[in-house]
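To keep things clear, I will list the structure first and then write my remarks on it.
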Amino acid sequence: MKHKSLFLLLMTIMMILLTSCWSKKELTDLAIVSAMGIDKTKDGRYELTLQIINPGNVAGLQGGGSQSPPVTIYSASGDNLVEASRRASARISRRLYYAHTNLVVIGEKLARDEGINVLIDAIDRDPEFRITTSLVIANQSSAANLVKALTPVDKIPANKIMKTLEFTQRKWGENLKVSFQEVMKDLESPGGEALISGFRLVGNPQQAKKLANLQQSAPEATLRASGIAVFRNGKLVDWLYNSPARGSVWILDKIQGTDINVDWKEKKEAIAYQTVRQKTNVSVKMTKGKPHVSVHTRVEGDLGEVEVPLDIRKPSALKEIEKAIGREIKKELQMAIKQAQSDKVDIFGFGGALERTRPNQWEKLKSEWDDVYFPKLDVDVTVEAYIRRTGLRNKSFLSSVKEKQQ
């Protein structure tokens, strides 16, 4: 009898503690948001554009059977993001679910006029929203136009933007894939500011929203990575393109791979160098009461193409090519530093490096760092470039052809 009473008590306690699926969410009741665009309306309200996945249509498109778009777009406005999100629920038959949101797009006008600090705070407070979500800025466009665009190959447009950022950073180096967590860290760091990649809609925005755009071998409207947005105090102040953009990624030690073209004799961009690995170190010291920064980059790579008659079996030829590669990389780093100093934005975190090594000196300089000290900062750049492999040929094919003609 005693054991029976103990068993009943145990069962009662288990029934109280094991509450089963009290917080369950049925998939058929959820509207899965893959991307979110944020703009500002003319009357000063936030406009929220939501890209919601149509699961059945995505599966149908992959199998070639459906002629419906893989995503549906809903828009709503409010005095803040929470209000705009709740207002959107009046148009959707399901509960908005942000746990799988991979991308947030912020319109350029909003980023310039108001900045992103308030937006980051609102998203960071939401327990359902992940701070690992990627963030991009709509370059010369509204966020709504980017979110509404349909894309080929990657049926879900948010995935297209995410993958493009990932592969262009890995292969070219003029863009960065950044998350909310990384942007928050940059904006909170001493003397540091944020860099966020831009995306642009190329073509007619109205055509980009039509499924017919995907039924062409060459779509009339597409999305492409475009520049890096520079932020100061949470507001967009400038764009970096081409060499200054890649130079900034070099200094931040985030280059995963890129190609460097160098001139040889009279021929422009005669030799292509493919980077395999690189390491950039930044150090700060005080010289005669003024901060002095040293940037050192060591890069290793392979020869990808040689468009001049050149016998690279000779060690002296390889040394000359390595020096030319080093000069080209150094030029890009210096261009990036010059533009950042012109914008008065320490996007490289030089101030943070000074704070870590000379905290007492940083306390004296931090109030005027961006406006006084950083624009006139003395930065010494050194680059070491090494060729590890020359491909399947040592002697240039053009060199062999030239010898035959002689």
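As shown in the structure tokens, the chain order sets the letters A, B, ...; within each chain, residues go from 1, and ligands are also counted from 1 in the order they appear.
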Task: Test item: residues at most 12 Å from Ile260 of chain A, only C-alpha atoms, excluding those fewer than 3 positions along its chain, as JSON, numbers by chain - done: {"A": [171, 172, 173, 243, 246, 247, 257, 263, 269, 270, 271, 272, 273, 274, 275, 276, 299, 300, 301, 302, 303, 304, 305, 321, 322, 324, 325, 326, 327, 328, 329, 330, 331, 332, 385]}
With C-alpha atoms retained, export the selected residues as a PDB file, in the first residue's frame.
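Full text of part08.pdb as output:
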ATOM      1  CA  LYS A 171      36.334  35.080 -54.423  1.00  0.00           C
ATOM      2  CA  TRP A 172      36.649  38.841 -54.963  1.00  0.00           C
ATOM      3  CA  GLY A 173      36.842  40.637 -51.611  1.00  0.00           C
ATOM      4  CA  SER A 243      40.031  49.351 -54.736  1.00  0.00           C
ATOM      5  CA  ARG A 246      38.855  45.817 -51.182  1.00  0.00           C
ATOM      6  CA  GLY A 247      41.621  47.703 -49.405  1.00  0.00           C
ATOM      7  CA  GLY A 257      40.325  35.247 -51.649  1.00  0.00           C
ATOM      8  CA  ASP A 263      51.228  45.563 -65.146  1.00  0.00           C
ATOM      9  CA  GLU A 269      47.181  44.014 -66.146  1.00  0.00           C
ATOM     10  CA  ALA A 270      49.413  41.439 -67.789  1.00  0.00           C
ATOM     11  CA  ILE A 271      49.700  39.058 -64.828  1.00  0.00           C
ATOM     12  CA  ALA A 272      46.857  37.674 -62.693  1.00  0.00           C
ATOM     13  CA  TYR A 273      47.659  36.624 -59.120  1.00  0.00           C
ATOM     14  CA  GLN A 274      45.192  34.515 -57.129  1.00  0.00           C
ATOM     15  CA  THR A 275      45.452  34.813 -53.356  1.00  0.00           C
ATOM     16  CA  VAL A 276      45.316  31.633 -51.312  1.00  0.00           C
ATOM     17  CA  VAL A 299      49.876  37.203 -48.676  1.00  0.00           C
ATOM     18  CA  GLU A 300      50.494  33.922 -50.479  1.00  0.00           C
ATOM     19  CA  GLY A 301      48.998  32.911 -53.787  1.00  0.00           C
ATOM     20  CA  ASP A 302      49.292  31.362 -57.229  1.00  0.00           C
ATOM     21  CA  LEU A 303      49.828  32.689 -60.729  1.00  0.00           C
ATOM     22  CA  GLY A 304      46.568  32.440 -62.638  1.00  0.00           C
ATOM     23  CA  GLU A 305      47.521  33.985 -65.983  1.00  0.00           C
ATOM     24  CA  ILE A 321      56.438  39.702 -59.947  1.00  0.00           C
ATOM     25  CA  GLU A 322      56.131  39.391 -56.169  1.00  0.00           C
ATOM     26  CA  ALA A 324      54.855  44.213 -58.306  1.00  0.00           C
ATOM     27  CA  ILE A 325      52.033  42.348 -56.535  1.00  0.00           C
ATOM     28  CA  GLY A 326      53.094  43.829 -53.197  1.00  0.00           C
ATOM     29  CA  ARG A 327      53.087  47.355 -54.640  1.00  0.00           C
ATOM     30  CA  GLU A 328      49.593  46.862 -56.091  1.00  0.00           C
ATOM     31  CA  ILE A 329      48.162  45.601 -52.787  1.00  0.00           C
ATOM     32  CA  LYS A 330      49.881  48.400 -50.871  1.00  0.00           C
ATOM     33  CA  LYS A 331      48.321  50.939 -53.213  1.00  0.00           C
ATOM     34  CA  GLU A 332      44.828  49.585 -52.460  1.00  0.00           C
ATOM     35  CA  ALA A 385      53.633  38.891 -51.369  1.00  0.00           C
TER      36      ALA A 385
END
Task: DSSP strand (DSSP E or B) residues within segment 19-146 of chain A, as a ChimeraX atom specification - done: /A:30-40,46-53,71-78,95-97,103-107,134-138
Task: Exercise: segment 199-213 of chain A partners within 10 Å, only C-alpha atoms, chain neighbours under 5 positions left out, as a PyMOL selection string - done: chain A and resi 67-70+73+105+136-152+161+164-165+175+218-229
- [ ] Considering only C-alpha atoms, return as a PyMOL selection string whatever protein or nucleic-acid residues lie within 8 Å of Asp253 of chain A, sequence-local ones (same chain, fewer than 4 positions apart) excluded.
- [x] chain A and resi 249+278-281
- [ ] Could you please determine the separation between atom CA of Leu377 of chain A and atom CA of Leu187 of chain A in Å, to one decimal place?
- [x] 20.6 Å
- [ ] For atom CA of Asp29 of chain A and atom CA of Arg95 of chain A, quote the distance in Å rounded to one decimal.
- [x] 6.1 Å
- [ ] Write down as a ChimeraX atom specification the residues of segment 67-246 of chain A whose backbone DSSP state falls under alpha helix (DSSP H).
- [x] /A:81-88,108-113,117-125,143-148,157-171,180-188,205-208,242-246
Given the selection you just returned, output its residues as a file containing C-alpha atoms, formatted as a short mmCIF file (atom, residue, chain, number, x, y, z; two decimals), in the first residue's frame.
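The resulting out_13.cif:
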data_model
loop_
_atom_site.label_atom_id
_atom_site.label_comp_id
_atom_site.auth_asym_id
_atom_site.auth_seq_id
_atom_site.Cartn_x
_atom_site.Cartn_y
_atom_site.Cartn_z
CA LEU A 81 8.85 48.49 -36.05
CA VAL A 82 6.70 46.70 -33.49
CA GLU A 83 3.60 48.59 -34.57
CA ALA A 84 4.34 48.03 -38.26
CA SER A 85 4.78 44.29 -37.66
CA ARG A 86 1.51 44.03 -35.76
CA ARG A 87 -0.35 46.04 -38.37
CA ALA A 88 0.86 43.57 -41.01
CA GLU A 108 19.61 54.02 -48.21
CA LYS A 109 17.55 57.11 -47.40
CA LEU A 110 16.63 55.77 -43.97
CA ALA A 111 20.25 54.79 -43.29
CA ARG A 112 21.46 58.30 -44.21
CA ASP A 113 18.79 60.42 -42.55
CA ASN A 117 20.87 52.42 -34.15
CA VAL A 118 17.16 52.52 -33.31
CA LEU A 119 16.43 49.68 -35.73
CA ILE A 120 19.14 47.48 -34.24
CA ASP A 121 17.80 48.07 -30.73
CA ALA A 122 14.26 47.05 -31.74
CA ILE A 123 15.41 43.85 -33.45
CA ASP A 124 17.88 42.91 -30.71
CA ARG A 125 15.09 43.06 -28.11
CA ALA A 143 14.57 48.26 -49.25
CA ALA A 144 11.10 47.38 -50.58
CA ASN A 145 12.38 47.12 -54.16
CA LEU A 146 15.06 44.63 -53.15
CA VAL A 147 12.75 42.50 -51.01
CA LYS A 148 10.09 42.36 -53.73
CA PRO A 157 15.41 36.00 -52.99
CA ALA A 158 16.83 36.25 -49.46
CA ASN A 159 18.97 33.17 -50.14
CA LYS A 160 20.25 34.73 -53.38
CA ILE A 161 21.53 37.80 -51.52
CA MET A 162 23.05 35.72 -48.71
CA LYS A 163 24.90 33.37 -51.06
CA THR A 164 26.08 36.20 -53.31
CA LEU A 165 27.65 37.99 -50.34
CA GLU A 166 29.28 34.79 -49.16
CA PHE A 167 30.81 33.87 -52.51
CA THR A 168 31.83 37.37 -53.58
CA GLN A 169 33.68 37.83 -50.28
CA ARG A 170 35.37 34.47 -50.79
CA LYS A 171 36.33 35.08 -54.42
CA PHE A 180 23.56 42.23 -36.64
CA GLN A 181 25.87 40.90 -33.95
CA GLU A 182 28.98 42.07 -35.83
CA VAL A 183 27.50 45.51 -36.59
CA MET A 184 26.54 45.98 -32.95
CA LYS A 185 30.06 45.02 -31.86
CA ASP A 186 31.63 47.47 -34.33
CA LEU A 187 29.39 50.37 -33.30
CA GLU A 188 30.04 49.74 -29.60
CA PRO A 205 11.77 47.37 -60.32
CA GLN A 206 8.33 46.60 -61.75
CA GLN A 207 9.74 43.88 -64.00
CA ALA A 208 11.70 42.39 -61.08
CA ASN A 242 36.51 48.92 -56.15
CA SER A 243 40.03 49.35 -54.74
CA PRO A 244 39.11 51.35 -51.58
CA ALA A 245 36.46 48.72 -50.78
CA ARG A 246 38.85 45.82 -51.18
#
Task: Shell of 12 Å around Gln339 of chain A, only C-alpha atoms, local chain residues under 5 positions omitted, as a PyMOL selection string - done: chain A and resi 230+237-241+243-245+247-248+332-334+344-348+374-375
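Of the residues under consideration (A:Lys285, A:Lys290, A:Lys42, A:His100), A:Lys285 shows the shortest atom-to-atom contact distance to Glu355 of chain A when counting only C-alpha atoms.
If you look at atom CA of Asn233 of chain A and atom CA of Glu363 of chain A, they are 18.8 Å away from each other.
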